[in-house]
$ cat target_19.txt   # compact mmCIF, C-alpha atoms and all ligand atoms
# COMPACT_ATOMS: atom_id res chain seq x y z
CA MET A 22 35.10 126.31 146.66
CA SER A 23 33.74 122.82 146.37
CA THR A 24 35.12 120.77 143.53
CA THR A 25 33.30 117.53 144.25
CA GLY A 26 30.38 116.61 142.04
CA LEU A 27 29.75 112.95 142.32
CA TYR A 28 27.00 111.24 140.40
CA GLN A 29 26.04 107.68 139.77
CA LEU A 30 24.16 106.53 136.70
CA THR A 31 21.54 103.98 137.70
CA GLU A 32 19.91 101.11 135.81
CA GLU A 33 16.91 103.41 135.47
CA HIS A 34 19.04 106.01 133.70
CA ASP A 35 20.29 103.33 131.31
CA ALA A 36 16.73 102.17 130.68
CA ILE A 37 15.60 105.74 129.97
CA ARG A 38 18.46 106.20 127.49
CA ALA A 39 17.57 102.96 125.68
CA ALA A 40 13.87 103.87 125.55
CA VAL A 41 14.46 107.42 124.27
CA ARG A 42 17.04 106.24 121.72
CA GLU A 43 14.55 103.74 120.31
CA ILE A 44 11.85 106.43 119.99
CA ALA A 45 14.30 108.98 118.60
CA GLU A 46 15.61 106.67 115.90
CA ARG A 47 12.17 105.34 114.97
CA ALA A 48 9.88 108.35 115.27
CA ILE A 49 12.04 111.50 115.22
CA GLU A 50 15.14 110.94 113.07
CA PRO A 51 13.21 110.04 109.86
CA PHE A 52 11.67 113.54 109.85
CA ALA A 53 14.72 115.57 110.95
CA ALA A 54 15.98 116.53 107.47
CA GLU A 55 12.50 117.48 106.28
CA VAL A 56 11.77 119.49 109.45
CA ASP A 57 15.00 121.43 108.83
CA ALA A 58 14.47 121.91 105.08
CA GLU A 59 10.88 123.11 105.52
CA SER A 60 11.47 124.99 108.80
CA ARG A 61 8.44 123.20 110.18
CA TYR A 62 7.60 122.20 113.73
CA PRO A 63 8.50 118.54 114.51
CA ILE A 64 4.98 117.53 115.44
CA GLU A 65 5.85 113.83 115.06
CA ALA A 66 8.48 114.28 117.77
CA GLN A 67 6.07 116.07 120.07
CA LYS A 68 3.51 113.28 119.69
CA ALA A 69 6.05 110.48 120.17
CA LEU A 70 7.70 112.13 123.20
CA THR A 71 4.35 112.94 124.80
CA ALA A 72 2.97 109.43 124.22
CA ALA A 73 6.00 107.98 126.00
CA GLY A 74 6.02 110.58 128.81
CA PHE A 75 9.37 112.09 127.75
CA HIS A 76 8.14 115.61 126.88
CA ALA A 77 8.56 117.04 130.41
CA THR A 78 10.00 114.33 132.63
CA HIS A 79 11.24 116.84 135.21
CA ILE A 80 7.74 117.81 136.50
CA PRO A 81 7.34 116.49 140.06
CA GLU A 82 4.94 113.63 140.72
CA ALA A 83 2.85 115.91 142.94
CA TYR A 84 1.78 117.74 139.78
CA GLY A 85 1.16 114.67 137.66
CA GLY A 86 4.69 114.44 136.27
CA GLU A 87 7.29 111.70 136.10
CA GLY A 88 9.46 113.34 138.76
CA ALA A 89 12.60 112.35 136.87
CA ASP A 90 15.88 113.65 138.24
CA ALA A 91 18.04 116.22 136.45
CA ILE A 92 20.39 113.62 134.94
CA ALA A 93 17.46 111.64 133.53
CA THR A 94 16.11 114.83 131.96
CA CYS A 95 19.54 115.51 130.46
CA ILE A 96 19.66 111.98 129.04
CA VAL A 97 16.26 112.47 127.36
CA ILE A 98 17.39 115.77 125.81
CA GLU A 99 20.77 114.32 124.80
CA GLU A 100 19.24 111.32 123.01
CA VAL A 101 16.70 113.42 121.12
CA ALA A 102 19.38 115.98 120.15
CA ARG A 103 21.54 113.13 118.81
CA VAL A 104 19.03 112.76 115.97
CA ASP A 105 17.29 116.16 115.87
CA MET A 106 18.27 119.19 117.92
CA SER A 107 15.05 121.07 117.08
CA ALA A 108 12.97 118.28 118.63
CA SER A 109 15.12 118.22 121.78
CA LEU A 110 13.86 121.73 122.52
CA ILE A 111 10.47 120.22 123.40
CA PRO A 112 11.67 118.68 126.71
CA ALA A 113 14.37 121.36 127.18
CA VAL A 114 12.10 124.39 126.89
CA ASN A 115 9.35 122.73 128.91
CA LYS A 116 11.93 122.58 131.70
CA LEU A 117 13.18 126.13 131.14
CA GLY A 118 9.70 127.64 131.08
CA SER A 119 8.40 125.73 134.10
CA MET A 120 11.47 125.93 136.35
CA PRO A 121 10.63 129.46 137.61
CA ILE A 122 7.24 128.07 138.70
CA ILE A 123 8.72 124.95 140.30
CA LEU A 124 11.32 127.06 142.15
CA SER A 125 9.26 130.04 143.27
CA ALA A 126 5.51 129.99 142.51
CA SER A 127 2.66 129.64 144.98
CA GLU A 128 1.11 126.19 145.39
CA GLU A 129 -2.05 127.41 143.64
CA LEU A 130 -0.11 128.61 140.58
CA LYS A 131 1.86 125.35 140.47
CA GLN A 132 -1.42 123.39 140.52
CA LYS A 133 -2.85 125.58 137.80
CA VAL A 134 0.02 125.27 135.31
CA LEU A 135 2.23 122.24 135.94
CA PRO A 136 -0.34 119.40 135.50
CA SER A 137 -1.25 120.69 132.02
CA ILE A 138 2.42 120.42 131.01
CA ALA A 139 2.93 117.04 132.68
CA GLU A 140 -0.12 115.63 130.89
CA GLY A 141 1.06 116.98 127.53
CA ARG A 142 -1.97 119.25 127.12
CA ALA A 143 0.24 122.35 127.08
CA MET A 144 3.85 123.45 126.66
CA ILE A 145 5.59 126.42 128.25
CA SER A 146 8.20 128.91 127.01
CA TYR A 147 10.53 131.31 128.84
CA GLY A 148 10.44 135.06 128.15
CA LEU A 149 13.46 136.92 129.53
CA SER A 150 15.38 138.45 126.59
CA GLU A 151 14.55 141.62 124.72
CA ARG A 152 16.19 143.13 121.64
CA GLU A 153 18.15 145.58 123.80
CA ALA A 154 18.44 143.35 126.88
CA GLY A 155 20.18 140.09 125.96
CA SER A 156 23.33 139.51 128.02
CA ASP A 157 22.31 142.50 130.15
CA ALA A 158 18.99 140.90 130.99
CA ALA A 159 18.25 143.33 133.85
CA ALA A 160 18.04 146.18 131.31
CA MET A 161 14.65 144.88 130.14
CA ARG A 162 11.92 147.39 129.36
CA THR A 163 8.77 145.27 129.46
CA ARG A 164 6.64 146.69 132.28
CA ALA A 165 3.98 145.22 134.52
CA ARG A 166 1.73 147.38 136.70
CA ARG A 167 -0.77 146.26 139.29
CA ASP A 168 -4.35 147.24 138.53
CA GLY A 169 -6.85 145.97 141.11
CA ASP A 170 -7.04 142.20 140.82
CA THR A 171 -4.87 142.11 137.73
CA TRP A 172 -1.39 142.78 136.40
CA VAL A 173 -1.15 144.68 133.12
CA LEU A 174 1.90 143.99 130.93
CA ASN A 175 3.31 146.16 128.14
CA GLY A 176 6.42 145.51 126.04
CA THR A 177 8.10 143.07 123.71
CA LYS A 178 10.18 139.95 124.36
CA ALA A 179 12.58 138.64 121.71
CA TRP A 180 13.97 135.27 120.50
CA ILE A 181 11.47 133.21 122.48
CA THR A 182 11.95 129.51 121.78
CA ASN A 183 8.85 127.46 120.91
CA SER A 184 6.69 130.57 120.89
CA GLY A 185 3.41 130.00 119.16
CA VAL A 186 3.37 126.29 119.98
CA SER A 187 3.44 126.93 123.74
CA GLU A 188 0.24 127.66 125.64
CA TRP A 189 2.03 129.13 128.67
CA TYR A 190 4.81 131.76 128.90
CA THR A 191 6.92 132.66 131.91
CA VAL A 192 7.58 136.37 131.46
CA MET A 193 9.91 138.67 133.36
CA ALA A 194 8.85 142.34 133.54
CA VAL A 195 9.83 145.50 135.42
CA THR A 196 7.48 146.34 138.28
CA ASP A 197 9.72 148.91 140.03
CA PRO A 198 12.05 150.66 137.56
CA GLU A 199 14.13 152.37 140.27
CA LYS A 200 15.34 149.07 141.70
CA ARG A 201 16.75 147.64 138.44
CA ALA A 202 17.38 143.88 139.00
CA ASN A 203 15.43 143.94 142.26
CA GLY A 204 12.50 145.67 140.59
CA ILE A 205 11.78 142.85 138.18
CA SER A 206 8.97 140.34 138.71
CA ALA A 207 8.07 137.06 137.02
CA PHE A 208 4.61 136.19 135.68
CA VAL A 209 2.82 133.38 133.90
CA VAL A 210 0.93 134.43 130.78
CA HIS A 211 -1.43 132.22 128.78
CA ARG A 212 -1.64 132.59 125.04
CA ASP A 213 -5.38 133.35 125.29
CA ASP A 214 -4.84 136.25 127.70
CA PRO A 215 -6.14 139.54 126.25
CA GLY A 216 -3.40 141.78 124.86
CA PHE A 217 -0.95 138.93 124.18
CA ALA A 218 0.32 138.15 120.67
CA VAL A 219 3.14 136.15 119.05
CA GLY A 220 5.16 137.71 116.21
CA PRO A 221 6.40 136.16 112.97
CA LYS A 222 8.99 133.36 113.02
CA GLU A 223 12.66 134.37 112.88
CA ARG A 224 14.56 132.96 109.87
CA LYS A 225 17.43 131.18 111.58
CA MET A 226 20.70 129.43 110.74
CA GLY A 227 19.68 126.25 112.56
CA ILE A 228 17.16 124.63 114.93
CA LYS A 229 14.74 125.50 112.14
CA GLY A 230 12.08 123.14 113.47
CA SER A 231 11.73 125.11 116.67
CA PRO A 232 9.81 128.36 116.19
CA THR A 233 11.51 131.48 117.59
CA CYS A 234 9.39 134.64 117.70
CA GLU A 235 8.82 137.90 119.53
CA LEU A 236 6.08 138.16 122.16
CA TYR A 237 3.96 141.31 122.21
CA PHE A 238 2.20 142.58 125.32
CA THR A 239 -0.28 145.39 124.69
CA ASP A 240 -2.13 146.11 127.92
CA CYS A 241 -1.97 142.36 128.39
CA THR A 242 -4.12 141.68 131.44
CA ILE A 243 -3.63 138.65 133.66
CA PRO A 244 -5.06 137.71 137.08
CA ALA A 245 -3.04 139.03 140.05
CA ASP A 246 -2.27 135.51 141.26
CA ARG A 247 -0.25 134.74 138.11
CA ILE A 248 2.79 136.47 139.61
CA ILE A 249 5.58 134.01 140.47
CA GLY A 250 6.65 134.67 144.06
CA GLU A 251 6.85 138.17 145.50
CA PRO A 252 7.15 141.34 143.41
CA GLY A 253 10.83 142.18 142.85
CA THR A 254 12.05 138.57 143.00
CA GLY A 255 11.65 137.83 139.29
CA PHE A 256 15.24 138.46 138.19
CA LYS A 257 16.67 136.20 140.88
CA THR A 258 14.14 133.52 139.92
CA ALA A 259 15.15 133.94 136.27
CA LEU A 260 18.88 133.55 137.00
CA ARG A 261 18.34 130.71 139.45
CA THR A 262 16.29 128.96 136.77
CA LEU A 263 19.24 129.20 134.39
CA ASP A 264 21.47 127.60 137.04
CA PHE A 265 19.20 124.54 136.78
CA THR A 266 18.68 124.55 133.03
CA ARG A 267 22.11 125.36 131.58
CA PRO A 268 23.06 121.66 131.99
CA THR A 269 20.16 120.84 129.64
CA ILE A 270 21.81 122.96 126.95
CA GLY A 271 25.01 121.09 127.71
CA ALA A 272 23.05 117.86 127.20
CA GLN A 273 21.74 119.11 123.87
CA ALA A 274 25.29 119.95 122.85
CA VAL A 275 26.58 116.51 123.88
CA GLY A 276 23.72 114.91 121.94
CA VAL A 277 24.31 116.77 118.68
CA ALA A 278 28.06 116.16 118.97
CA GLN A 279 27.47 112.42 119.53
CA GLY A 280 25.15 112.33 116.53
CA ALA A 281 27.83 113.97 114.38
CA LEU A 282 30.55 111.59 115.62
CA ASP A 283 28.37 108.52 114.99
CA ALA A 284 27.63 109.75 111.45
CA ALA A 285 31.33 110.51 110.84
CA VAL A 286 32.44 107.05 112.04
CA SER A 287 30.01 105.25 109.75
CA TYR A 288 30.88 107.43 106.77
CA ALA A 289 34.64 107.13 107.30
CA ARG A 290 34.34 103.34 107.52
CA GLU A 291 32.80 103.19 104.05
CA ARG A 292 34.80 105.94 102.35
CA LYS A 293 37.82 104.87 100.27
CA GLN A 294 40.57 107.16 98.96
CA PHE A 295 44.09 106.39 97.70
CA GLY A 296 42.98 102.77 97.34
CA ARG A 297 42.06 102.17 100.97
CA ALA A 298 39.55 103.03 103.66
CA VAL A 299 40.09 106.57 104.98
CA THR A 300 39.99 105.09 108.50
CA ASP A 301 43.40 103.55 107.70
CA PHE A 302 44.90 107.04 107.88
CA GLN A 303 46.08 108.20 111.27
CA GLY A 304 45.05 111.76 110.44
CA VAL A 305 41.43 110.58 110.33
CA GLN A 306 41.82 108.27 113.35
CA PHE A 307 43.23 111.10 115.48
CA MET A 308 40.36 113.41 114.56
CA LEU A 309 37.81 110.75 115.55
CA ALA A 310 39.69 110.08 118.80
CA ASP A 311 39.73 113.78 119.69
CA MET A 312 36.01 114.08 118.98
CA SER A 313 35.22 111.09 121.18
CA MET A 314 37.48 112.34 124.00
CA GLN A 315 35.90 115.79 124.02
CA ILE A 316 32.34 114.44 123.98
CA GLU A 317 33.04 112.11 126.89
CA ALA A 318 34.53 114.94 128.98
CA ALA A 319 31.57 117.20 128.15
CA ARG A 320 29.04 114.50 129.02
CA HIS A 321 30.58 113.95 132.45
CA LEU A 322 30.70 117.68 133.24
CA VAL A 323 27.03 118.01 132.25
CA TYR A 324 26.03 115.15 134.56
CA VAL A 325 28.14 116.56 137.41
CA ALA A 326 26.40 119.93 137.05
CA ALA A 327 22.96 118.33 136.78
CA ALA A 328 23.63 116.20 139.87
CA ARG A 329 24.74 119.27 141.83
CA GLY A 330 21.42 120.97 141.05
CA GLU A 331 19.60 117.85 142.21
CA SER A 332 21.59 117.49 145.42
CA GLY A 333 20.19 120.52 147.20
CA ASP A 334 23.78 121.68 147.76
CA ASP A 335 23.94 124.98 145.94
CA THR A 336 27.66 125.45 146.55
CA ASP A 337 29.16 126.45 143.27
CA LEU A 338 26.01 125.51 141.36
CA GLY A 339 26.19 128.56 139.08
CA ARG A 340 29.86 127.98 138.26
CA LEU A 341 29.42 124.26 137.51
CA CYS A 342 26.32 124.79 135.36
CA ALA A 343 27.92 127.65 133.42
CA ALA A 344 31.01 125.49 132.90
CA ALA A 345 28.94 122.53 131.69
CA LYS A 346 27.01 124.68 129.22
CA ALA A 347 30.05 126.54 127.87
CA PHE A 348 32.34 123.51 127.67
CA ALA A 349 29.79 121.19 126.07
CA SER A 350 28.63 123.75 123.53
CA ASP A 351 32.21 124.61 122.52
CA VAL A 352 32.77 120.86 122.10
CA ALA A 353 29.60 120.58 120.00
CA MET A 354 30.76 123.33 117.66
CA LYS A 355 34.22 121.79 117.31
CA VAL A 356 32.99 118.22 116.87
CA THR A 357 30.24 119.03 114.36
CA THR A 358 32.69 121.18 112.36
CA ASP A 359 35.21 118.32 112.34
CA ALA A 360 32.46 115.89 111.32
CA VAL A 361 31.72 118.04 108.26
CA GLN A 362 35.47 118.07 107.53
CA LEU A 363 35.67 114.28 107.74
CA PHE A 364 32.88 113.96 105.20
CA GLY A 365 34.82 116.21 102.80
CA GLY A 366 32.75 117.68 99.96
CA ALA A 367 29.80 115.44 100.88
CA GLY A 368 29.73 116.97 104.36
CA TYR A 369 28.95 120.37 102.91
CA THR A 370 25.79 119.09 101.21
CA GLN A 371 22.36 118.47 102.66
CA ASP A 372 22.58 114.82 101.65
CA PHE A 373 24.11 114.04 105.05
CA PRO A 374 23.00 115.17 108.53
CA VAL A 375 26.33 116.68 109.65
CA GLU A 376 25.70 119.91 107.73
CA ARG A 377 22.46 120.44 109.69
CA MET A 378 24.15 119.40 112.95
CA MET A 379 26.91 121.98 112.51
CA ARG A 380 24.33 124.74 111.93
CA ASP A 381 22.22 123.52 114.88
CA ALA A 382 25.22 123.27 117.22
CA LYS A 383 26.02 126.98 116.88
CA ILE A 384 23.03 128.12 118.93
CA THR A 385 24.20 126.14 121.98
CA GLN A 386 27.08 128.63 122.29
CA ILE A 387 24.58 131.51 122.30
CA TYR A 388 21.30 130.77 124.06
CA GLU A 389 20.68 130.51 127.80
CA GLY A 390 23.54 132.99 128.02
CA THR A 391 26.38 133.36 125.54
CA ASN A 392 29.53 131.44 126.36
CA GLN A 393 31.14 134.79 127.16
CA ILE A 394 28.48 135.30 129.86
CA GLN A 395 29.15 131.76 131.14
CA ARG A 396 32.83 132.64 131.49
CA LEU A 397 31.85 135.82 133.32
CA VAL A 398 29.70 133.78 135.75
CA ILE A 399 32.60 131.33 136.30
CA ALA A 400 35.13 134.13 136.82
CA ARG A 401 32.82 135.99 139.23
CA SER A 402 32.50 132.80 141.27
CA LEU A 403 36.29 132.37 141.39
CA LEU A 404 37.01 135.98 142.28
CA LYS A 405 34.19 136.79 144.70
N1 LIG B 1 20.61 133.03 141.29
C1 LIG B 1 19.89 133.86 142.06
N2 LIG B 1 20.17 135.18 142.19
C2 LIG B 1 21.21 135.65 141.48
C3 LIG B 1 22.00 134.84 140.64
C4 LIG B 1 21.66 133.46 140.57
N3 LIG B 1 22.37 132.63 139.79
N4 LIG B 1 22.96 135.59 140.09
C5 LIG B 1 22.80 136.82 140.54
N5 LIG B 1 21.73 136.87 141.39
C6 LIG B 1 21.21 138.02 142.10
C7 LIG B 1 22.32 138.86 142.66
O1 LIG B 1 22.70 138.41 143.96
C8 LIG B 1 21.71 140.24 142.71
O2 LIG B 1 20.87 140.36 143.84
P1 LIG B 1 21.19 141.48 145.00
O3 LIG B 1 21.17 142.79 144.29
O4 LIG B 1 20.07 141.31 145.96
O5 LIG B 1 22.53 141.10 145.52
C9 LIG B 1 20.78 140.24 141.49
O6 LIG B 1 20.52 138.87 141.17
C10 LIG B 1 21.40 140.89 140.29
O7 LIG B 1 22.64 140.23 140.04
P2 LIG B 1 23.84 140.94 139.32
O8 LIG B 1 24.08 142.28 139.93
O9 LIG B 1 24.96 139.97 139.28
O10 LIG B 1 23.20 141.16 137.88
P3 LIG B 1 23.84 141.70 136.54
O11 LIG B 1 22.90 142.68 135.95
O12 LIG B 1 25.26 142.08 136.75
O13 LIG B 1 23.76 140.40 135.57
C11 LIG B 1 24.48 138.37 134.56
C12 LIG B 1 24.38 139.22 135.82
C13 LIG B 1 25.27 139.02 133.46
C14 LIG B 1 25.15 137.08 135.02
C15 LIG B 1 23.03 138.05 134.06
O14 LIG B 1 22.43 139.21 133.52
C16 LIG B 1 23.00 136.98 133.01
O15 LIG B 1 23.05 135.79 133.33
N6 LIG B 1 22.87 137.37 131.73
C17 LIG B 1 22.65 136.43 130.65
C18 LIG B 1 21.18 136.23 130.54
C19 LIG B 1 20.87 135.00 129.79
O16 LIG B 1 21.36 133.92 130.09
N7 LIG B 1 20.00 135.15 128.81
C20 LIG B 1 19.54 134.06 128.05
C21 LIG B 1 18.05 134.04 128.14
S1 LIG B 1 17.37 132.45 128.09
S2 LIG B 1 17.57 131.90 126.23

$ encode --input "target_19.txt" --output "structure tokens"
Amino acid sequence: MSTTGLYQLTEEHDAIRAAVREIAERAIEPFAAEVDAESRYPIEAQKALTAAGFHATHIPEAYGGEGADAIATCIVIEEVARVDMSASLIPAVNKLGSMPIILSASEELKQKVLPSIAEGRAMISYGLSEREAGSDAAAMRTRARRDGDTWVLNGTKAWITNSGVSEWYTVMAVTDPEKRANGISAFVVHRDDPGFAVGPKERKMGIKGSPTCELYFTDCTIPADRIIGEPGTGFKTALRTLDFTRPTIGAQAVGVAQGALDAAVSYARERKQFGRAVTDFQGVQFMLADMSMQIEAARHLVYVAAARGESGDDTDLGRLCAAAKAFASDVAMKVTTDAVQLFGGAGYTQDFPVERMMRDAKITQIYEGTNQIQRLVIARSLLK
């Protein structure tokens, strides 16, 4: 087992962080409370991120993208999540949806889909889960059968992030039911394809600005060349994708936790009780110190995992990325909960952002694999 995971932040990484922070604070944060309260899509964020080229920085230059490395992509997501987690799903899901194509699609399919995402003309979502196939993703029931020059899809996908606003969907479906995981294939579906429909929006606890819906496939017919890789390789592509994208959920978690800590520090500085600033009390100081310590540890683990994915050395990639996602999201839940606590009664109201941040943080422990599944992946790697 390799335990090394060196990374070096460059001046370019610092410049990206400064640029995204400026955009996030100017063009995204002012709308975050309203986006949450109205459960509406953060269109201002999409426009601002796209105008600055931060909506899908990971797309390689060969397809019109920025070709940013995995740490840079994490920094973008982290800085957006610091002010609005819903908006950070724009760059995060563009990476999740397109990674199967980047990893495994034919050159023709890459050329067809990736430039539209890089140029900001289209977004892409990822369709793996079903109501009865969440953690046990290989139990999916959506089917795809070959029919001449087409594939015909039937079934329903559930909890699909940014559905409705995305033009493209990477969809995993069973092509050979007898082979279970090795009988699953991956496809790219366009929202205008016949037989494709998006269901109503789920009413969620948090990330209310990011639409989550079911996808319906009713004899949905797509050209044969929209399959990603060979038939039967879709499940491996789906899991390998998650190895590369779980650090982005870690980055989201670090971002929302940092946002909550920053808000808690400024509130605690101003708040007076018992005739003095609450920051004079060690009980408050120790809470802030713990929050800072945990965020810093999570941030480094996320960058280590992201750098491992970038390095081409796949040793332990799954374990590191699962660890980064699980650790950072557990930190986000703890830190945002403590931030609400530090605000006292005010923290429980919608007058301050920490209430929203605590609700938003919860999903990072659930999506892209529950933290129980992350621990299973880590344990399997240790015990294999
Ligand atoms: N990369 C590539 N291939 C992988 C892989 C990975 N990270 N992990 C497993 N595989 C391969 C296995 O080697 C196996 O192939 P062979 O049969 O040829 O050996 C195949 O994929 C099936 O693997 P496995 O038997 O381990 O599958 P399981 O059904 O036991 O599922 C877990 C494994 C639970 C880890 C998987 O279903 C999972 O990650 N579930 C959570 C799904 C998830 O994250 N959902 C969120 C959706 S996105 S919001």

$ closest_residue --input "target_19.txt" --among "A:Ala179, A:Met226, A:Ala367, A:Val356" --to "ligand LIG 1 (chain B)" --atoms "only C-alpha atoms and all ligand atoms"
A:Ala179

$ closest_residue --input "target_19.txt" --among "A:Gln362, A:Ser287, A:Ser125, A:Thr71" --to "ligand LIG 1 (chain B)" --atoms "only C-alpha atoms and all ligand atoms"
A:Ser125

$ residues_near_ligand --input "target_19.txt" --ligand "ligand LIG 1 (chain B)" --cutoff "7 Å" --atoms "all atoms listed in the file" --output "compact mmCIF listing (two decimals) with C-alpha atoms, in the frame of the given file"
# COMPACT_ATOMS: atom_id res chain seq x y z
CA TYR A 147 10.53 131.31 128.84
CA LEU A 149 13.46 136.92 129.53
CA SER A 150 15.38 138.45 126.59
CA GLY A 155 20.18 140.09 125.96
CA SER A 156 23.33 139.51 128.02
CA ASP A 157 22.31 142.50 130.15
CA ALA A 158 18.99 140.90 130.99
CA ALA A 159 18.25 143.33 133.85
CA ALA A 202 17.38 143.88 139.00
CA ASN A 203 15.43 143.94 142.26
CA PHE A 256 15.24 138.46 138.19
CA LYS A 257 16.67 136.20 140.88
CA THR A 258 14.14 133.52 139.92
CA LEU A 260 18.88 133.55 137.00
CA ARG A 261 18.34 130.71 139.45
CA LEU A 263 19.24 129.20 134.39
CA ASP A 264 21.47 127.60 137.04
CA GLY A 339 26.19 128.56 139.08
CA TYR A 388 21.30 130.77 124.06
CA GLU A 389 20.68 130.51 127.80
CA GLY A 390 23.54 132.99 128.02
CA THR A 391 26.38 133.36 125.54
CA ILE A 394 28.48 135.30 129.86
CA VAL A 398 29.70 133.78 135.75

$ atom_distance --input "target_19.txt" --atom1 "CA of Met193 (chain A)" --atom2 "CA of Tyr237 (chain A)"
12.9 Å

$ residues_around --input "target_19.txt" --residues "region 297-299 of chain A" --least-positions-apart "6" --cutoff "12 Å" --atoms "all atoms listed in the file" --output "PyMOL selection string"
chain A and resi 285-291+305-309+363-365

$ residues_around --input "target_19.txt" --residues "region 58-61 of chain A" --least-positions-apart "5" --cutoff "8 Å" --atoms "all atoms listed in the file" --output "VMD selection string"
chain A and resid 229 to 231

$ residues_around --input "target_19.txt" --residues "Arg380 (chain A)" --least-positions-apart "6" --cutoff "10 Å" --atoms "all atoms listed in the file" --output "PyMOL selection string"
chain A and resi 225-229+354+357-358

$ atom_distance --input "target_19.txt" --atom1 "CA of Ala400 (chain A)" --atom2 "CA of Gly333 (chain A)"
22.7 Å

$ axis_aligned_box --input "target_19.txt" --around "region 36-50 of chain A" --padding-each-side "3 Å" --output "lines of an AutoDock Vina configuration file"
center_x = 14.2
center_y = 106.8
center_z = 121.9
size_x = 14.6
size_y = 15.3
size_z = 23.6

$ closest_residue --input "target_19.txt" --among "A:Ala310, A:Ala93, A:Ala327, A:Ala382" --to "Ser107 (chain A)" --atoms "all atoms listed in the file"
A:Ala382

$ residues_around --input "target_19.txt" --residues "region 268-274 of chain A" --least-positions-apart "6" --cutoff "6 Å" --atoms "all atoms listed in the file" --output "JSON, numbers by chain"
{"A": [95, 98, 99, 102, 323, 327, 342, 345, 346, 349, 350, 353]}

$ residues_around --input "target_19.txt" --residues "Glu331 (chain A)" --least-positions-apart "2" --cutoff "9 Å" --atoms "only C-alpha atoms" --output "ChimeraX atom specification"
/A:90-92,265,326-329,333-334

$ closest_residue --input "target_19.txt" --among "A:Tyr324, A:Tyr62, A:Phe302, A:Phe295" --to "Ser184 (chain A)" --atoms "all atoms listed in the file"
A:Tyr62

$ closest_residue --input "target_19.txt" --among "A:Leu124, A:Ala194, A:Ala54, A:Leu236" --to "Val104 (chain A)" --atoms "all atoms listed in the file"
A:Ala54

$ closest_residue --input "target_19.txt" --among "A:Glu151, A:Glu55, A:Glu50, A:Glu87" --to "Ser109 (chain A)" --atoms "all atoms listed in the file"
A:Glu50

$ atom_distance --input "target_19.txt" --atom1 "CA of Ile181 (chain A)" --atom2 "CA of Thr266 (chain A)"
15.4 Å
